[in-house]
Structures are given as C-alpha cells and as structure tokens.
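*Asks:* Dropping a structure here in structure tokens format, bear with me for questions.
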Amino acid sequence: MEVKFLLRCIECGNEYKAYKEVRYKCSCGGLLEVKHNLERLNGKKLKEAWEARWGIRNSVFSSGVWRYKELIADIPDDSIITKLEGNTRLYDSGPAGEYANLKKLKLKHEGENPTGSFKDRGMTSGISISKLLNAKTVACASTGNTSASMASYAAKAGYKSIIFIPSGKIAYGKLSQALAYGGKTLQIEGNFDDAMQLVQEVCSELNIYLLNSINPFRIEGQKAIGFEILQQLEWNVPDWFIIPGGNLGNNTALSKGLMELYSLGIINKIPRIAVIQARGANPLYEMWKNKTFFKPVKDPDTIATAIKIGNPVSWKKSIRGIEWTDGVVEEVTEQEIMDAKAKVDASGIGAEPASCCVVAGAKKLVEAGTISSDSSAVGILTGNMLKDPDATVNYHLGNLKQRGIDGKFKNAPENIKSDIESVKKAVKDII
Ligand code: F0G
C-alpha cells in the first residue's frame with residue numbers, strides 16, 4: 001500500500017513509517033503526530049471534493065470524519081470502521097450567547113455524535129488504523145466519554161476492549177454504556193491520571209492497542225470537528241474557536257487541522273483558539289498565564305467530570321497549537337461552569353458541564369476585553385446533556401452548596417396537590 005503519511009516526533013523530528021509498528025511515542029520520549037504528505041494535495045481540488053461529498057448517503061464519505069479522508073488517514077475504505085459519526089449541528093447560541101455578551105457565538109454540538117461525545121470522531125480513525133495494524137484488543141483510560149466510545153467502536157469491529165476508569169468517579173450513564181457495549185471494565189484506585197499511567201504500561205507490556213488521545217490517529221479524526229464547522233460556515237473563518245481542555249487532545253487536533261487547511265490555502269486566516277479549563281484542574285492555564293514550566297495538578301477536582309485531569313498527556317502539543325493560533329487559555333470556577341450550563345441548557349441546546357466551560361470562558365474573555373463582543377466565535381460543546389445529570393438536577397434543586405455552587409438560575413420542580421386549583425396556583429406566573 002502506498003504510504004501517504006508518517007509519524008513524526010514533535011520534539012526531535014524523527015520520522016516513523018506508520019504501518020510498520022505500533023508506536024505512540026518517539027524513542028526520545030517525545031509525542032508523535034501524523035505528518036500528511038501535503039505536497040501531493042491540491043487545496044482547491046480537495047475543497048471541491050469535500051463539497052461534492054456533502055450529503056452523500058451510505059458511503060464512508062457520509063461520515064463527518066471520513067468526508068475529509070485525505071487529511072484524516074488516506075487508507076482503503078474497507079479498513080474503515082465507522083458509525084457515520086460527526087454531521088453534528090451548529091446552533092445559534094441564543095440566550096447562551098447573550099449571557100456571554102457574544103451574540104455571534106455559535107455552538108457546535110458534538111454531544112450529538114453516536115455515543116454522545118466528540119470522542120467518536122477520534123475513535124473511528126484510531127480503531128480503523130488498529131485494523132490495519134492487526135490489533136484485536138484495544139484499551140483506554142477514561143473519565144467516561146472515551147470509554148463509551150471505544151467500547152462501542154470495538155464492539156462494531158468485533159474487537160475486545162479494556163477500559164480503565166477511576167473507581168466510583170465516572171458518570172453512571174457512561175459506565176452503563178461501557179458495560180452494555182461489552183467492554184471489560186477495570187475500576188482502579190486513584191484518579192484519571194493514575195489510570196492513564198497504568199493503561200500505557202499495560203498496553204506496552206501486553207501488546208494491546210492504546211486508544212487514548214496520546215495515539216496520534218485519534219487526533220486526526222478529531223480534526224474533523226474544525227473541518228466540518230468551517231464547511232457549515234461556507235468556509236467563512238470565525239475569529240475564535242472556544243474549546244474545553246482536559247487531556248488536551250481536542251484542542252491539539254483543532255489547531256493541527258487549522259494549520260493544515262491554512263497551508264493548503266483552503267482557509268486564508270487562522271482563527272484564534274481559546275482553551276478553557278476548570279479552576280480545579282488547570283495545569284495548562286497556570287503554565288500559560290504565569291509563563292512557567294508545566295506542573296501537573298496533584299488532586300484535580302471539578303464538577304465537570306470529563307475534564308477532571310491534572311496531568312494531561314498532550315500538553316506539549318496543546319501549547320504549540322495555542323502558539324500557532326495566537327490562542328489563549330482561561331480558567332473558570334465551579335459556579336461559572338454551572339451558571340453557563342444553565343444558560344446553554346435553557347437555550348434549548350443543552351450539554352454536559354465540561355462542555356459548558358466554553359460559554360463560561362467566553363463570558364470571562366469578553367469581560368476581560370480579550371474577545372471583543374462583536375467577534376464571530378464557535379464554541380465546541382463536546383458532550384451530551386444527559387451526562388452528569390446529578391450535577392444538573394442538584395444545581396436546580398440548590399443542592400450544590402457543599403461545592404460552593406449556588407443555584408443562581410435554578411428551575412426547581414414543585415410538589416403540588418393533585419387538583420386543578422393547585423395547578424392554577426403553580427402556573428399562574430407563566431400563563
Ligand atoms: N469535553 C468532554 C465532554 C470530554 O469527555 C473531554 C475528555 C473533554 C472535553 C476534554 O477533551 O481531553 O481532549 O482535552 N474526556 C476524556 C474521556 C478524558 O476519558 O472521556 P481533551
């Protein structure tokens with residue numbers, strides 16, 4: 001097979017043939033990234049091909065990832081394992097944008113992917129490559145979404161999957177998905193960072209294919225979020241992309257994809273990227289703000305369970321992407337996350353707490369004057385509203401005081417007697 005891409009070390013530049021061996025890191029220890037042979041591609045023709053594929057039914061090109069195949073992984077169609085992921089909606093932000101004082105904010109809802117998060121985009125590319133490498137067992141550490149996604153794609157491919165999760169610390173719905181899709185689920189003592197460390201050791205010792213975003217092919221699929229947004233915007237480039245940051249694979253993917261589009265002349269300006277972290281799990285923010293060395297956060301804690309990560313594996317790639325795009329990093333408090341979530345939800349859009357960091361961060365950056373309120377921006381809602389329902393319900397019941405969160409925009413249920421007079425009394429203010 002003609003090899004159309006290589007793996008390249010982001011530290012020393014060493015290159016590896018992607019099909020020859022399973023590799024996630026360079027022999028120097030540096031992170032690897034996929035290097036496409038961009039010289040063989042013509043940006044104008046590529047864009048025309050992507051436009052022609054929009055709306056195609058029943059083909060790998062119906063996937064919102066494989067539509068952009070040339071910049072994902074140019075591999076034979078019969079090795080692609082897809083659930084036709086992507087093709088998610090781009091919403092006007094409505095009241096959520098007004099809350100952030102950013103009226104031209106649009107929200108891309110990646111929670112509308114097949115298993116409920118953006119992870120499906122990276123999973124289709126990662127697992128398809130695993131097929132080429134003849135791997136039959138895959139593994140990941142997860143705060144929830146990755147495990148659900150991997151278990152589902154592994155089941156579809158007929159592979160075994162092994163999931164490492166922090167004991168008792170992932171959202172129940174996500175645990176239910178992992179179990180139901182048939183993933184061998186190992187609950188370990190410790191947090192996500194411990195699970196991440198362990199899964200890397202296990203995969204190298206037992207020859208299991210690792211599907212966390214340290215795997216460079218996961219990143220390739222996730223780039224398609226940016227491609228699809230731009231295509232939905234008729235290739236009109238927004239001023240800003242705003243994205244939550246946990247293990248920092250997704251913002252890495254976004255910046256890499258944008259740089260590739262730019263170097264192919266498909267876009268003529270590079271949007272700035274704002275990465276938003278929760279204050280209790282903010283190592284990238286601390287590093288960026290204080291212009292200091294990277295220091296992991298020891299006991300990360302946040303209500304946004306998806307991004308409760310203190311030692312993100314992709315921080316070097318992430319910071320490079322922020323530099324490329326003249327980006328910024330912001331942190332948001334628990335109260336800010338849940339208030340923003342109330343606004344995203346009440347806009348009729350809805351997303352999980354980690355995703356709503358985007359609107360909380362946008363508000364803060366507009367207030368600080370970093371983002372001007374008439375800028376165009378796209379926030380990426382990474383996960384579904386049905387994740388972390390306890391956080392949502394407890395916010396609306398005013399039950400998050402122990403976390404220092406007040407139900408400022410709460411919509412609590414009311415208990416009433418079962419008679420028409422009680423109903424009339426309860427609804428008199430809204431009819
Ligand atoms: N949003 C959601 C909904 C997530 O699930 C994650 C990561 C992120 C944001 C952060 O993305 O790690 O690329 O910076 N969730 C992982 C998981 C860690 O296991 O599902 P990132």
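Each chain in the structure tokens gets a letter, A, B, ..., in the order shown, and its residues are numbered from 1; ligands are numbered from 1 in order too.
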Can I get the residues close to ligand 1 as a list in words, where close means within 7 Å and we count only C-alpha atoms and all ligand atoms?
*Replies:*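 After applying the 7 Å limit, what remains is Ser117, Ala141, Ser142, Thr143, Gly144, Asn145, Thr146, Ser147, Ser213, Pro244, Gly245, Gly246, Asn247, Leu248, Gly249, Asn250, Asn251, Ala306, Ile307, Glu352, Ala354, Ser355, Thr382 and Gly383 of chain A.
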*Asks:* Within region 195-408 of chain A, find each residue whose DSSP state, derived from the backbone, is strand (DSSP E), and express the selection as a PyMOL selection string.
*Replies:* chain A and resi 209-210+240-244+272-278+328-332+377-381
*Asks:* For C-alpha atoms, I'd like the residues from the last selection saved as a PDB file, in the first residue's frame.
*Replies:*
ATOM      1  CA  TYR A 209      -3.614  -1.139  21.114  1.00  0.00           C
ATOM      2  CA  LEU A 210      -3.972   2.090  23.095  1.00  0.00           C
ATOM      3  CA  TRP A 240     -12.367  32.487  17.568  1.00  0.00           C
ATOM      4  CA  PHE A 241     -12.785  28.835  18.391  1.00  0.00           C
ATOM      5  CA  ILE A 242     -13.502  28.135  22.067  1.00  0.00           C
ATOM      6  CA  ILE A 243     -12.951  24.660  23.431  1.00  0.00           C
ATOM      7  CA  PRO A 244     -12.706  22.934  26.831  1.00  0.00           C
ATOM      8  CA  ARG A 272      -7.602  32.144  17.471  1.00  0.00           C
ATOM      9  CA  ILE A 273      -8.201  29.283  19.860  1.00  0.00           C
ATOM     10  CA  ALA A 274      -9.309  29.792  23.464  1.00  0.00           C
ATOM     11  CA  VAL A 275      -8.857  26.727  25.672  1.00  0.00           C
ATOM     12  CA  ILE A 276     -10.957  26.737  28.827  1.00  0.00           C
ATOM     13  CA  GLN A 277     -10.058  24.684  31.886  1.00  0.00           C
ATOM     14  CA  ALA A 278     -11.845  24.188  35.194  1.00  0.00           C
ATOM     15  CA  VAL A 328      -5.298  31.994  24.949  1.00  0.00           C
ATOM     16  CA  VAL A 329      -6.071  29.819  27.976  1.00  0.00           C
ATOM     17  CA  GLU A 330      -8.709  30.702  30.569  1.00  0.00           C
ATOM     18  CA  GLU A 331      -9.949  29.050  33.736  1.00  0.00           C
ATOM     19  CA  VAL A 332     -13.488  29.020  35.101  1.00  0.00           C
ATOM     20  CA  ALA A 377     -16.858  32.675  17.502  1.00  0.00           C
ATOM     21  CA  VAL A 378     -17.656  28.980  17.571  1.00  0.00           C
ATOM     22  CA  GLY A 379     -17.784  27.140  20.884  1.00  0.00           C
ATOM     23  CA  ILE A 380     -17.450  23.381  20.824  1.00  0.00           C
ATOM     24  CA  LEU A 381     -19.927  21.581  23.065  1.00  0.00           C
TER      25      LEU A 381
END
*Asks:* Please identify all polymer residues within 10 Å of Gly265 (chain A), counting only C-alpha atoms, omitting same-chain residues fewer than 6 positions from it, and present them as a PyMOL selection string.
*Replies:* chain A and resi 42-44+47+259
*Asks:* Keeping only N, CA, C and O atoms, write those residues as an mmCIF file, in the first residue's frame.
*Replies:*
data_model
loop_
_atom_site.group_PDB
_atom_site.id
_atom_site.type_symbol
_atom_site.label_atom_id
_atom_site.label_comp_id
_atom_site.auth_asym_id
_atom_site.auth_seq_id
_atom_site.Cartn_x
_atom_site.Cartn_y
_atom_site.Cartn_z
ATOM 1 N N ASN A 42 -3.918 19.154 -3.568
ATOM 2 C CA ASN A 42 -4.221 20.470 -4.102
ATOM 3 C C ASN A 42 -5.434 21.005 -3.329
ATOM 4 O O ASN A 42 -6.521 20.410 -3.376
ATOM 5 N N GLY A 43 -5.233 22.096 -2.589
ATOM 6 C CA GLY A 43 -6.275 22.606 -1.691
ATOM 7 C C GLY A 43 -7.597 22.867 -2.387
ATOM 8 O O GLY A 43 -8.664 22.512 -1.878
ATOM 9 N N LYS A 44 -7.521 23.438 -3.601
ATOM 10 C CA LYS A 44 -8.755 23.799 -4.314
ATOM 11 C C LYS A 44 -9.544 22.536 -4.668
ATOM 12 O O LYS A 44 -10.748 22.443 -4.440
ATOM 13 N N LYS A 47 -11.083 20.853 -1.560
ATOM 14 C CA LYS A 47 -12.302 21.531 -1.106
ATOM 15 C C LYS A 47 -13.480 21.159 -2.004
ATOM 16 O O LYS A 47 -14.585 20.884 -1.517
ATOM 17 N N MET A 259 -4.064 24.453 10.874
ATOM 18 C CA MET A 259 -2.777 24.752 10.244
ATOM 19 C C MET A 259 -2.661 24.040 8.892
ATOM 20 O O MET A 259 -2.136 24.595 7.926
#
*Asks:* Give me, as a list in words, all polymer residues having an atom no more than 10 Å from region 200-207 of chain A, counting only C-alpha atoms and skipping those fewer than 5 positions away in the same chain.
*Replies:*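 Answer for this query is Val22, Arg23, Tyr24, Ala135, Lys136, Thr137, Val138, Ala139, Cys140, Ala141, Ala195, Asn212 and Ile214 of chain A.
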*Asks:* Could those selected residues go to a file with all heavy atoms, as an mmCIF file, in the first residue's frame?
*Replies:*
data_model
loop_
_atom_site.group_PDB
_atom_site.id
_atom_site.type_symbol
_atom_site.label_atom_id
_atom_site.label_comp_id
_atom_site.auth_asym_id
_atom_site.auth_seq_id
_atom_site.Cartn_x
_atom_site.Cartn_y
_atom_site.Cartn_z
ATOM 1 N N VAL A 22 3.512 -0.509 15.938
ATOM 2 C CA VAL A 22 2.641 0.258 16.841
ATOM 3 C C VAL A 22 3.542 1.178 17.660
ATOM 4 O O VAL A 22 4.479 0.727 18.307
ATOM 5 C CB VAL A 22 1.872 -0.694 17.779
ATOM 6 C CG1 VAL A 22 1.061 0.097 18.791
ATOM 7 C CG2 VAL A 22 0.969 -1.622 16.974
ATOM 8 N N ARG A 23 3.271 2.454 17.597
ATOM 9 C CA ARG A 23 4.120 3.420 18.275
ATOM 10 C C ARG A 23 3.306 4.636 18.696
ATOM 11 O O ARG A 23 2.524 5.157 17.908
ATOM 12 C CB ARG A 23 5.197 3.907 17.288
ATOM 13 C CG ARG A 23 6.542 3.895 17.880
ATOM 14 C CD ARG A 23 7.615 4.365 16.941
ATOM 15 N NE ARG A 23 8.834 3.633 17.218
ATOM 16 C CZ ARG A 23 9.576 3.821 18.308
ATOM 17 N NH1 ARG A 23 9.243 4.718 19.192
ATOM 18 N NH2 ARG A 23 10.662 3.100 18.489
ATOM 19 N N TYR A 24 3.439 5.081 19.924
ATOM 20 C CA TYR A 24 2.739 6.304 20.348
ATOM 21 C C TYR A 24 3.728 7.408 20.689
ATOM 22 O O TYR A 24 3.372 8.574 20.722
ATOM 23 C CB TYR A 24 1.866 6.030 21.581
ATOM 24 C CG TYR A 24 1.119 4.725 21.493
ATOM 25 C CD1 TYR A 24 1.539 3.619 22.223
ATOM 26 C CD2 TYR A 24 0.025 4.596 20.646
ATOM 27 C CE1 TYR A 24 0.870 2.415 22.128
ATOM 28 C CE2 TYR A 24 -0.645 3.387 20.542
ATOM 29 C CZ TYR A 24 -0.210 2.296 21.283
ATOM 30 O OH TYR A 24 -0.861 1.098 21.170
ATOM 31 N N ALA A 135 -4.412 -5.250 15.213
ATOM 32 C CA ALA A 135 -4.683 -5.321 16.656
ATOM 33 C C ALA A 135 -6.103 -5.830 16.852
ATOM 34 O O ALA A 135 -6.997 -5.472 16.097
ATOM 35 C CB ALA A 135 -4.543 -3.931 17.265
ATOM 36 N N LYS A 136 -6.300 -6.663 17.836
ATOM 37 C CA LYS A 136 -7.651 -7.204 18.057
ATOM 38 C C LYS A 136 -8.192 -6.832 19.431
ATOM 39 O O LYS A 136 -9.351 -7.047 19.740
ATOM 40 C CB LYS A 136 -7.643 -8.743 17.927
ATOM 41 C CG LYS A 136 -7.372 -9.236 16.506
ATOM 42 C CD LYS A 136 -8.676 -9.231 15.688
ATOM 43 C CE LYS A 136 -8.470 -9.719 14.272
ATOM 44 N NZ LYS A 136 -8.024 -8.678 13.349
ATOM 45 N N THR A 137 -7.306 -6.266 20.254
ATOM 46 C CA THR A 137 -7.747 -5.803 21.577
ATOM 47 C C THR A 137 -7.306 -4.355 21.735
ATOM 48 O O THR A 137 -6.164 -4.010 21.406
ATOM 49 C CB THR A 137 -7.114 -6.657 22.706
ATOM 50 O OG1 THR A 137 -7.379 -8.023 22.423
ATOM 51 C CG2 THR A 137 -7.691 -6.302 24.056
ATOM 52 N N VAL A 138 -8.221 -3.527 22.219
ATOM 53 C CA VAL A 138 -7.921 -2.102 22.378
ATOM 54 C C VAL A 138 -8.191 -1.704 23.823
ATOM 55 O O VAL A 138 -8.954 -2.369 24.530
ATOM 56 C CB VAL A 138 -8.777 -1.249 21.406
ATOM 57 C CG1 VAL A 138 -8.380 -1.518 19.968
ATOM 58 C CG2 VAL A 138 -10.276 -1.511 21.599
ATOM 59 N N ALA A 139 -7.550 -0.622 24.257
ATOM 60 C CA ALA A 139 -7.728 -0.192 25.651
ATOM 61 C C ALA A 139 -7.662 1.316 25.761
ATOM 62 O O ALA A 139 -7.094 2.002 24.894
ATOM 63 C CB ALA A 139 -6.650 -0.824 26.531
ATOM 64 N N CYS A 140 -8.242 1.832 26.837
ATOM 65 C CA CYS A 140 -8.126 3.263 27.136
ATOM 66 C C CYS A 140 -8.350 3.490 28.627
ATOM 67 O O CYS A 140 -8.933 2.657 29.305
ATOM 68 C CB CYS A 140 -9.144 4.080 26.342
ATOM 69 S SG CYS A 140 -10.846 3.891 26.915
ATOM 70 N N ALA A 141 -7.859 4.639 29.092
ATOM 71 C CA ALA A 141 -8.268 5.158 30.399
ATOM 72 C C ALA A 141 -9.306 6.219 30.092
ATOM 73 O O ALA A 141 -9.246 6.856 29.037
ATOM 74 C CB ALA A 141 -7.079 5.788 31.110
ATOM 75 N N ALA A 195 -4.976 6.178 36.151
ATOM 76 C CA ALA A 195 -5.482 5.211 35.160
ATOM 77 C C ALA A 195 -4.737 5.362 33.833
ATOM 78 O O ALA A 195 -4.391 4.377 33.170
ATOM 79 C CB ALA A 195 -6.981 5.412 34.955
ATOM 80 N N ASN A 212 -6.243 6.025 23.717
ATOM 81 C CA ASN A 212 -6.349 7.391 24.264
ATOM 82 C C ASN A 212 -5.774 8.368 23.247
ATOM 83 O O ASN A 212 -5.142 7.961 22.267
ATOM 84 C CB ASN A 212 -5.598 7.495 25.595
ATOM 85 C CG ASN A 212 -6.445 6.979 26.742
ATOM 86 O OD1 ASN A 212 -6.248 5.866 27.210
ATOM 87 N ND2 ASN A 212 -7.419 7.766 27.177
ATOM 88 N N ILE A 214 -3.278 10.086 23.233
ATOM 89 C CA ILE A 214 -1.820 10.037 23.024
ATOM 90 C C ILE A 214 -1.545 9.296 21.713
ATOM 91 O O ILE A 214 -0.496 9.460 21.085
ATOM 92 C CB ILE A 214 -1.104 9.354 24.221
ATOM 93 C CG1 ILE A 214 0.395 9.616 24.159
ATOM 94 C CG2 ILE A 214 -1.418 7.873 24.306
ATOM 95 C CD1 ILE A 214 1.153 9.191 25.399
#
*Asks:* Report as a PyMOL selection string all protein, DNA and RNA residues lying within 12 Å of Leu32 (chain A), evaluated on only C-alpha atoms, omitting residues in the same chain fewer than 5 positions from it.
*Replies:* chain A and resi 6-18+22-27+213-220+313-314+316-317
*Asks:* So the first atom is CA of Asp406 (chain A) and the second is CA of Ile303 (chain A); what is the distance between them in Å, to one decimal place?
*Replies:* 13.1 Å
*Asks:* State, in Å with one decimal place, the distance from CA of Asp339 (chain A) to CA of His396 (chain A).
*Replies:*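 Separating CA of Asp339 (chain A) from CA of His396 (chain A) is a distance of 10.4 Å.
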*Asks:* Can you list, as a PyMOL selection string, every protein, DNA or RNA residue that comes within 7 Å of Lys387 (chain A) when you count only C-alpha atoms, leaving out same-chain residues fewer than 3 positions away?
*Replies:* chain A and resi 171+173+352+384
*Asks:* Just want the 10 Å neighbourhood of Tyr181 (chain A), counted on only C-alpha atoms, with same-chain residues fewer than 2 positions away dropped. Output as a PyMOL selection string.
*Replies:* chain A and resi 147-156+161+176-179+183-184
*Asks:* Extract the full set of helix (DSSP H, G or I) residues from region 3-241 of chain A according to DSSP on the backbone, and format it as a count of residues only.
*Replies:* 101
*Asks:* Using only C-alpha atoms, find the one residue out of A:Ser62, A:Ile81, A:Asn236, A:Gly361 that sits nearest to Gly126 (chain A).
*Replies:*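 Using only C-alpha atoms, the shortest distance to Gly126 (chain A) belongs to A:Ile81.
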*Asks:* Using only C-alpha atoms, tabulate the residues of region 99-154 of chain A lying at most 9 Å from any atom of region 224-229 of chain A, each with its closest atom pair and that distance in Å to one decimal, by chain and increasing residue number, as CSV.
*Replies:*
residue,atom,partner,partner_atom,distance
A:Lys108,CA,A:Ile229,CA,7.3
A:Glu110,CA,A:Ile225,CA,8.1
A:Phe118,CA,A:Ile225,CA,8.0
A:Arg121,CA,A:Ala224,CA,7.3
A:Gly122,CA,A:Ala224,CA,8.9
*Asks:* What is the CA of Asn134 (chain A)-CA of Pro76 (chain A) distance in Å, reported with one decimal?
*Replies:* 14.5 Å
